$ cat work-v7.cif   # mmCIF, C-alpha atoms
data_start
#
loop_
_atom_site.group_PDB
_atom_site.id
_atom_site.type_symbol
_atom_site.label_atom_id
_atom_site.label_comp_id
_atom_site.auth_asym_id
_atom_site.auth_seq_id
_atom_site.Cartn_x
_atom_site.Cartn_y
_atom_site.Cartn_z
ATOM 1 C CA MET A 211 93.219 114.813 128.940
ATOM 2 C CA ARG A 212 92.322 117.770 131.164
ATOM 3 C CA GLU A 213 88.770 118.082 132.485
ATOM 4 C CA LEU A 214 86.283 119.598 130.043
ATOM 5 C CA THR A 215 83.484 122.021 130.794
ATOM 6 C CA LYS A 216 79.970 120.868 129.956
ATOM 7 C CA ARG A 217 79.856 123.116 126.868
ATOM 8 C CA GLN A 218 83.246 121.886 125.650
ATOM 9 C CA ARG A 219 82.027 118.316 126.045
ATOM 10 C CA ASP A 220 78.862 119.168 124.067
ATOM 11 C CA VAL A 221 80.935 120.730 121.283
ATOM 12 C CA ALA A 222 83.228 117.683 121.145
ATOM 13 C CA ARG A 223 80.221 115.355 120.908
ATOM 14 C CA PHE A 224 78.701 117.495 118.138
ATOM 15 C CA ILE A 225 81.939 117.370 116.130
ATOM 16 C CA SER A 226 82.134 113.597 116.586
ATOM 17 C CA SER A 227 78.533 112.994 115.483
ATOM 18 C CA TYR A 228 78.928 115.394 112.528
ATOM 19 C CA ILE A 229 81.999 113.482 111.302
ATOM 20 C CA GLN A 230 80.247 110.151 111.736
ATOM 21 C CA LYS A 231 77.289 111.360 109.658
ATOM 22 C CA ASN A 232 79.161 113.243 106.912
ATOM 23 C CA ASN A 233 82.673 111.728 106.852
ATOM 24 C CA TYR A 234 84.163 115.218 107.130
ATOM 25 C CA ALA A 235 84.437 117.718 109.954
ATOM 26 C CA PRO A 236 82.080 120.652 110.551
ATOM 27 C CA ALA A 237 83.148 124.181 109.660
ATOM 28 C CA VAL A 238 83.436 126.690 112.504
ATOM 29 C CA ARG A 239 80.218 128.317 111.280
ATOM 30 C CA ASP A 240 78.399 124.941 111.494
ATOM 31 C CA ILE A 241 79.354 124.738 115.171
ATOM 32 C CA ALA A 242 78.303 128.329 115.831
ATOM 33 C CA THR A 243 74.953 127.788 114.087
ATOM 34 C CA HIS A 244 74.224 124.542 115.929
ATOM 35 C CA PHE A 245 74.871 126.036 119.368
ATOM 36 C CA LYS A 246 73.496 129.487 118.488
ATOM 37 C CA PHE A 247 76.599 131.384 119.494
ATOM 38 C CA SER A 248 79.081 133.597 117.617
ATOM 39 C CA VAL A 249 81.810 132.361 115.280
ATOM 40 C CA LYS A 250 84.364 133.814 117.716
ATOM 41 C CA ALA A 251 82.862 131.773 120.565
ATOM 42 C CA ALA A 252 83.083 128.668 118.364
ATOM 43 C CA HIS A 253 86.757 129.438 117.686
ATOM 44 C CA ASP A 254 87.355 129.857 121.429
ATOM 45 C CA HIS A 255 85.817 126.449 122.175
ATOM 46 C CA LEU A 256 87.927 124.826 119.461
ATOM 47 C CA ARG A 257 91.100 126.401 120.854
ATOM 48 C CA ALA A 258 90.202 125.099 124.307
ATOM 49 C CA LEU A 259 89.522 121.593 122.964
ATOM 50 C CA GLU A 260 92.822 121.651 121.098
ATOM 51 C CA ALA A 261 94.678 122.778 124.218
ATOM 52 C CA LYS A 262 93.082 119.885 126.113
ATOM 53 C CA GLN A 263 94.116 117.434 123.346
ATOM 54 C CA VAL A 264 90.605 116.494 122.317
ATOM 55 C CA ILE A 265 90.955 117.745 118.737
ATOM 56 C CA ARG A 266 93.664 118.730 116.269
ATOM 57 C CA THR A 267 93.272 121.308 113.486
ATOM 58 C CA THR A 268 95.298 122.300 110.423
ATOM 59 C CA GLY A 269 95.733 126.035 110.005
ATOM 60 C CA GLY A 270 94.383 127.549 106.800
ATOM 61 C CA ILE A 271 92.262 124.543 105.808
ATOM 62 C CA SER A 272 88.491 124.534 106.289
ATOM 63 C CA ARG A 273 86.886 121.525 107.982
ATOM 64 C CA SER A 274 90.244 120.260 109.220
ATOM 65 C CA ILE A 275 89.116 119.336 112.755
ATOM 66 C CA GLU A 276 90.357 115.884 113.709
ATOM 67 C CA ILE A 277 89.227 114.095 116.865
ATOM 68 C CA ILE A 278 92.236 112.776 118.789
ATOM 69 C CA GLY A 279 90.591 112.282 122.194
ATOM 70 C CA GLU A 280 89.636 108.615 122.492
ATOM 71 C CA GLU A 281 86.403 109.338 124.365
ATOM 72 C CA PHE A 282 84.973 111.272 121.429
ATOM 73 C CA SER A 283 86.397 109.320 118.496
ATOM 74 C CA PRO A 284 83.588 108.658 115.968
ATOM 75 C CA TYR A 285 85.361 105.500 114.729
ATOM 76 C CA ASP A 286 87.996 103.096 116.039
ATOM 77 C CA GLU A 287 90.674 104.679 113.861
ATOM 78 C CA MET A 288 90.404 107.489 111.336
ATOM 79 C CA ILE A 289 92.524 108.584 108.401
ATOM 80 C CA GLN A 290 92.362 112.163 107.125
ATOM 81 C CA ILE A 291 92.826 112.777 103.404
ATOM 82 C CA PRO A 292 92.769 116.090 101.513
ATOM 83 C CA VAL A 293 89.899 116.970 99.169
ATOM 84 C CA ILE A 294 91.516 118.778 96.241
ATOM 85 C CA GLY A 295 89.690 121.791 94.841
ATOM 86 C CA SER A 296 90.861 124.301 92.250
ATOM 87 C CA ILE A 297 94.545 123.869 91.479
ATOM 88 C CA ALA A 298 96.573 126.965 92.364
ATOM 89 C CA ALA A 299 98.930 128.063 89.597
ATOM 90 C CA GLY A 300 102.507 126.979 90.196
ATOM 91 C CA ARG A 301 101.666 124.960 93.309
ATOM 92 C CA PRO A 302 102.153 121.189 93.769
ATOM 93 C CA LEU A 303 98.902 119.210 93.586
ATOM 94 C CA MET A 304 98.939 118.344 97.301
ATOM 95 C CA SER A 305 99.722 121.841 98.566
ATOM 96 C CA GLU A 306 97.468 123.503 101.144
ATOM 97 C CA GLU A 307 96.455 126.096 98.527
ATOM 98 C CA ASN A 308 94.678 123.320 96.602
ATOM 99 C CA THR A 309 93.001 121.673 99.600
ATOM 100 C CA GLU A 310 89.346 122.574 100.210
ATOM 101 C CA TYR A 311 88.952 120.472 103.362
ATOM 102 C CA LEU A 312 90.061 117.217 104.958
ATOM 103 C CA LEU A 313 87.930 114.101 104.604
ATOM 104 C CA GLN A 314 87.915 111.647 107.508
ATOM 105 C CA LEU A 315 87.415 107.964 106.755
ATOM 106 C CA PRO A 316 87.667 104.782 108.847
ATOM 107 C CA SER A 317 91.014 103.060 108.361
ATOM 108 C CA THR A 318 89.116 99.861 107.451
ATOM 109 C CA MET A 319 88.082 101.533 104.168
ATOM 110 C CA LEU A 320 91.678 102.337 103.196
ATOM 111 C CA SER A 321 94.905 100.389 103.029
ATOM 112 C CA GLY A 322 97.982 102.443 103.846
ATOM 113 C CA GLY A 323 98.504 105.670 105.735
ATOM 114 C CA ARG A 324 97.034 109.135 105.310
ATOM 115 C CA ASN A 325 99.650 110.062 102.699
ATOM 116 C CA THR A 326 98.510 107.282 100.352
ATOM 117 C CA TYR A 327 95.232 108.924 99.287
ATOM 118 C CA PHE A 328 93.595 112.158 98.208
ATOM 119 C CA ALA A 329 90.055 112.963 97.115
ATOM 120 C CA LEU A 330 88.365 115.004 94.399
ATOM 121 C CA LYS A 331 84.867 116.457 94.316
ATOM 122 C CA VAL A 332 83.391 115.331 90.994
ATOM 123 C CA ARG A 333 82.114 118.178 88.839
ATOM 124 C CA GLY A 334 80.099 117.569 85.684
ATOM 125 C CA GLU A 335 78.753 114.472 83.936
ATOM 126 C CA SER A 336 81.744 113.136 82.012
ATOM 127 C CA MET A 337 81.798 109.809 83.947
ATOM 128 C CA ILE A 338 78.091 109.120 84.476
ATOM 129 C CA GLU A 339 78.100 105.866 82.477
ATOM 130 C CA ASP A 340 80.555 104.469 85.032
ATOM 131 C CA GLY A 341 78.193 105.516 87.838
ATOM 132 C CA ILE A 342 80.265 108.546 88.828
ATOM 133 C CA TYR A 343 78.030 111.594 89.245
ATOM 134 C CA ASP A 344 78.329 115.322 89.802
ATOM 135 C CA GLY A 345 78.860 116.002 93.525
ATOM 136 C CA ASP A 346 80.369 112.583 94.318
ATOM 137 C CA ILE A 347 83.635 112.428 96.233
ATOM 138 C CA ALA A 348 86.186 110.304 94.364
ATOM 139 C CA VAL A 349 88.811 108.876 96.716
ATOM 140 C CA MET A 350 92.013 108.314 94.745
ATOM 141 C CA LYS A 351 94.965 106.086 95.632
ATOM 142 C CA LYS A 352 98.168 107.883 94.707
ATOM 143 C CA CYS A 353 100.154 106.403 91.831
ATOM 144 C CA GLU A 354 102.216 107.531 88.866
ATOM 145 C CA VAL A 355 101.346 104.709 86.466
ATOM 146 C CA ALA A 356 98.064 103.036 85.559
ATOM 147 C CA GLU A 357 96.730 100.113 83.576
ATOM 148 C CA THR A 358 94.431 100.293 80.582
ATOM 149 C CA GLY A 359 90.862 100.982 81.716
ATOM 150 C CA ASP A 360 91.742 102.401 85.127
ATOM 151 C CA VAL A 361 89.852 105.542 86.154
ATOM 152 C CA VAL A 362 92.599 108.058 86.882
ATOM 153 C CA ALA A 363 93.054 111.612 88.099
ATOM 154 C CA ALA A 364 95.436 113.243 85.645
ATOM 155 C CA THR A 365 96.683 116.598 84.458
ATOM 156 C CA VAL A 366 97.631 117.450 80.892
ATOM 157 C CA GLY A 367 100.096 120.299 80.470
ATOM 158 C CA GLU A 368 100.603 122.675 83.375
ATOM 159 C CA ALA A 369 98.988 121.723 86.707
ATOM 160 C CA ASP A 370 96.962 124.929 86.779
ATOM 161 C CA ASP A 371 95.156 123.796 83.610
ATOM 162 C CA GLY A 372 93.101 121.570 85.919
ATOM 163 C CA ILE A 373 92.867 117.957 86.971
ATOM 164 C CA THR A 374 90.568 115.572 85.129
ATOM 165 C CA LEU A 375 88.949 112.258 86.104
ATOM 166 C CA LYS A 376 88.863 109.922 83.075
ATOM 167 C CA GLY A 377 89.456 106.395 81.871
ATOM 168 C CA PHE A 378 93.096 105.696 80.948
ATOM 169 C CA TYR A 379 93.662 104.144 77.483
ATOM 170 C CA PRO A 380 97.223 104.289 76.058
ATOM 171 C CA SER A 381 97.717 103.237 72.428
ATOM 172 C CA GLY A 382 100.418 103.664 69.797
ATOM 173 C CA GLY A 383 102.350 106.360 71.615
ATOM 174 C CA ASN A 384 99.256 108.380 72.462
ATOM 175 C CA ILE A 385 97.214 108.434 75.634
ATOM 176 C CA GLU A 386 93.435 108.649 75.474
ATOM 177 C CA LEU A 387 91.738 110.051 78.563
ATOM 178 C CA ARG A 388 88.268 108.735 77.858
ATOM 179 C CA PRO A 389 85.019 110.005 79.422
ATOM 180 C CA ALA A 390 82.228 107.604 80.339
ATOM 181 C CA ASN A 391 79.618 109.689 78.536
ATOM 182 C CA ALA A 392 78.831 109.021 74.872
ATOM 183 C CA SER A 393 78.039 112.704 74.279
ATOM 184 C CA MET A 394 81.582 113.821 75.161
ATOM 185 C CA GLY A 395 84.908 113.455 73.395
ATOM 186 C CA SER A 396 88.185 112.079 74.695
ATOM 187 C CA ILE A 397 91.358 113.990 75.483
ATOM 188 C CA ILE A 398 94.176 112.701 73.253
ATOM 189 C CA THR A 399 97.692 113.553 74.369
ATOM 190 C CA ARG A 400 101.269 112.354 73.980
ATOM 191 C CA SER A 401 101.862 112.603 77.713
ATOM 192 C CA CYS A 402 100.063 113.347 80.946
ATOM 193 C CA THR A 403 100.770 113.238 84.657
ATOM 194 C CA ILE A 404 98.855 110.579 86.575
ATOM 195 C CA HIS A 405 98.226 111.480 90.204
ATOM 196 C CA GLY A 406 96.078 108.557 91.330
ATOM 197 C CA LYS A 407 93.512 105.935 90.400
ATOM 198 C CA LEU A 408 89.990 105.527 91.720
ATOM 199 C CA HIS A 409 89.744 103.623 94.991
ATOM 200 C CA LEU A 410 86.189 104.351 96.165
ATOM 201 C CA LEU A 411 83.276 106.762 95.749
ATOM 202 C CA ILE A 412 81.347 108.594 98.441
ATOM 203 C CA ARG A 413 77.851 109.862 97.657
ATOM 204 C CA ASN A 414 75.485 111.845 99.851
ATOM 205 C CA TYR A 415 71.930 110.808 98.954
ATOM 206 C CA SER A 416 70.315 113.545 101.030
#
$ encode --input "work-v7.cif" --output "structure tokens"
Amino acid sequence: MRELTKRQRDVARFISSYIQKNNYAPAVRDIATHFKFSVKAAHDHLRALEAKQVIRTTGGISRSIEIIGEEFSPYDEMIQIPVIGSIAAGRPLMSEENTEYLLQLPSTMLSGGRNTYFALKVRGESMIEDGIYDGDIAVMKKCEVAETGDVVAATVGEADDGITLKGFYPSGGNIELRPANASMGSIITRSCTIHGKLHLLIRNYS
């Protein structure tokens, strides 16, 4: 790794501490705000850190900064997984168009590589009786089949109709995608596409 300037070292430390606290990387604007300089200056520092192999970024995806320089690593080993937002019409679920940002988690929390998982930001109260609340991050392990009672991420119909997080209950040729909220009804379908089942939840109490 080439020698860093003092400001580059400060920026690298800020990124590392931000990831350690939030489990995802800061946006460029977060860096600019923290150091009280322009967004362009923040971009310039990130380009310099990338050139010096301290960080790695993914073009077109917000919060995609990954620490690769050992000196600044917030954990022993990190795995980046995509947080899926709105599903773009006609695009595969894991395409960049659907990715809001990349979540960074210690490898000790996950079994398998970075391509084994994805995450969803929970919206609404359909799973509150299972302790899954609006604003939580649901980390899903990719799979195409599930067992009765598993909490799954699934789509019914075309992918751009949206992805739902529900309990999986097949019966008599039908599939019930069941909410964990007595005030809401189930989705009953003959078929659905399962994308993953719940592995862990992340909640920010602040």
$ resolve_selection --input "work-v7.cif" --expression "the PyMOL selection byres ((chain A and resi 255-272) around 8)" --output "ChimeraX atom specification"
/A:211-214,218,221-222,237,251-254,273-280,282,306,309-312
$ atom_distance --input "work-v7.cif" --atom1 "CA of Gly377 in chain A" --atom2 "CA of Leu303 in chain A"
19.8 Å
$ residues_around --input "work-v7.cif" --residues "Gly341 in chain A" --least-positions-apart "5" --cutoff "10 Å" --atoms "only C-alpha atoms" --output "list in words"
Glu335, Asp346, Ala390 and Leu411 of chain A
$ residues_around --input "work-v7.cif" --residues "Phe224 in chain A" --least-positions-apart "3" --cutoff "9 Å" --atoms "all atoms listed in the file" --output "PyMOL selection string"
chain A and resi 219-221+227-229+236+241+244
$ atom_distance --input "work-v7.cif" --atom1 "CA of Tyr379 in chain A" --atom2 "CA of Gly295 in chain A"
25.1 Å
$ closest_residue --input "work-v7.cif" --among "A:Thr243, A:Gln314, A:Thr358, A:Asn414" --to "Tyr327 in chain A" --atoms "all atoms listed in the file"
A:Gln314
$ build_atoms --input "work-v7.cif" --residues "range 366-388 of chain A" --atoms "N, CA and C atoms" --output "JSON list (two decimals), in the frame of the given file"
[["chain", "number", "residue", "atom", "x", "y", "z"],
["A", 366, "VAL", "N", 97.00, 117.35, 82.21],
["A", 366, "VAL", "CA", 97.63, 117.45, 80.89],
["A", 366, "VAL", "C", 98.20, 118.85, 80.79],
["A", 367, "GLY", "N", 99.49, 118.98, 80.51],
["A", 367, "GLY", "CA", 100.10, 120.30, 80.47],
["A", 367, "GLY", "C", 100.40, 120.79, 81.87],
["A", 368, "GLU", "N", 100.31, 122.10, 82.07],
["A", 368, "GLU", "CA", 100.60, 122.68, 83.38],
["A", 368, "GLU", "C", 99.53, 122.30, 84.38],
["A", 369, "ALA", "N", 99.93, 122.15, 85.66],
["A", 369, "ALA", "CA", 98.99, 121.72, 86.71],
["A", 369, "ALA", "C", 97.81, 122.67, 86.84],
["A", 370, "ASP", "N", 98.05, 123.98, 86.59],
["A", 370, "ASP", "CA", 96.96, 124.93, 86.78],
["A", 370, "ASP", "C", 95.94, 124.88, 85.65],
["A", 371, "ASP", "N", 96.17, 124.00, 84.64],
["A", 371, "ASP", "CA", 95.16, 123.80, 83.61],
["A", 371, "ASP", "C", 94.00, 122.96, 84.16],
["A", 372, "GLY", "N", 94.18, 122.33, 85.30],
["A", 372, "GLY", "CA", 93.10, 121.57, 85.92],
["A", 372, "GLY", "C", 93.38, 120.08, 85.93],
["A", 373, "ILE", "N", 92.74, 119.41, 86.85],
["A", 373, "ILE", "CA", 92.87, 117.96, 86.97],
["A", 373, "ILE", "C", 91.59, 117.33, 86.45],
["A", 374, "THR", "N", 91.73, 116.20, 85.73],
["A", 374, "THR", "CA", 90.57, 115.57, 85.13],
["A", 374, "THR", "C", 90.45, 114.13, 85.61],
["A", 375, "LEU", "N", 89.23, 113.64, 85.70],
["A", 375, "LEU", "CA", 88.95, 112.26, 86.10],
["A", 375, "LEU", "C", 88.42, 111.53, 84.87],
["A", 376, "LYS", "N", 89.21, 110.59, 84.34],
["A", 376, "LYS", "CA", 88.86, 109.92, 83.08],
["A", 376, "LYS", "C", 89.39, 108.49, 83.08],
["A", 377, "GLY", "N", 88.90, 107.71, 82.11],
["A", 377, "GLY", "CA", 89.46, 106.40, 81.87],
["A", 377, "GLY", "C", 90.79, 106.51, 81.15],
["A", 378, "PHE", "N", 91.73, 105.64, 81.48],
["A", 378, "PHE", "CA", 93.10, 105.70, 80.95],
["A", 378, "PHE", "C", 93.27, 104.63, 79.86],
["A", 379, "TYR", "N", 93.54, 105.07, 78.61],
["A", 379, "TYR", "CA", 93.66, 104.14, 77.48],
["A", 379, "TYR", "C", 94.86, 104.55, 76.61],
["A", 380, "PRO", "N", 96.06, 104.00, 76.90],
["A", 380, "PRO", "CA", 97.22, 104.29, 76.06],
["A", 380, "PRO", "C", 97.21, 103.43, 74.80],
["A", 381, "SER", "N", 97.69, 103.99, 73.68],
["A", 381, "SER", "CA", 97.72, 103.24, 72.43],
["A", 381, "SER", "C", 98.63, 103.93, 71.43],
["A", 382, "GLY", "N", 99.59, 103.17, 70.88],
["A", 382, "GLY", "CA", 100.42, 103.66, 69.80],
["A", 382, "GLY", "C", 101.15, 104.96, 70.08],
["A", 383, "GLY", "N", 101.61, 105.14, 71.28],
["A", 383, "GLY", "CA", 102.35, 106.36, 71.61],
["A", 383, "GLY", "C", 101.49, 107.50, 72.10],
["A", 384, "ASN", "N", 100.19, 107.37, 71.94],
["A", 384, "ASN", "CA", 99.26, 108.38, 72.46],
["A", 384, "ASN", "C", 98.57, 107.86, 73.71],
["A", 385, "ILE", "N", 98.03, 108.79, 74.46],
["A", 385, "ILE", "CA", 97.21, 108.43, 75.63],
["A", 385, "ILE", "C", 95.83, 109.03, 75.43],
["A", 386, "GLU", "N", 94.82, 108.18, 75.54],
["A", 386, "GLU", "CA", 93.44, 108.65, 75.47],
["A", 386, "GLU", "C", 92.87, 108.70, 76.89],
["A", 387, "LEU", "N", 92.46, 109.90, 77.30],
["A", 387, "LEU", "CA", 91.74, 110.05, 78.56],
["A", 387, "LEU", "C", 90.27, 110.10, 78.20],
["A", 388, "ARG", "N", 89.60, 108.97, 78.42],
["A", 388, "ARG", "CA", 88.27, 108.74, 77.86],
["A", 388, "ARG", "C", 87.16, 108.99, 78.88]]
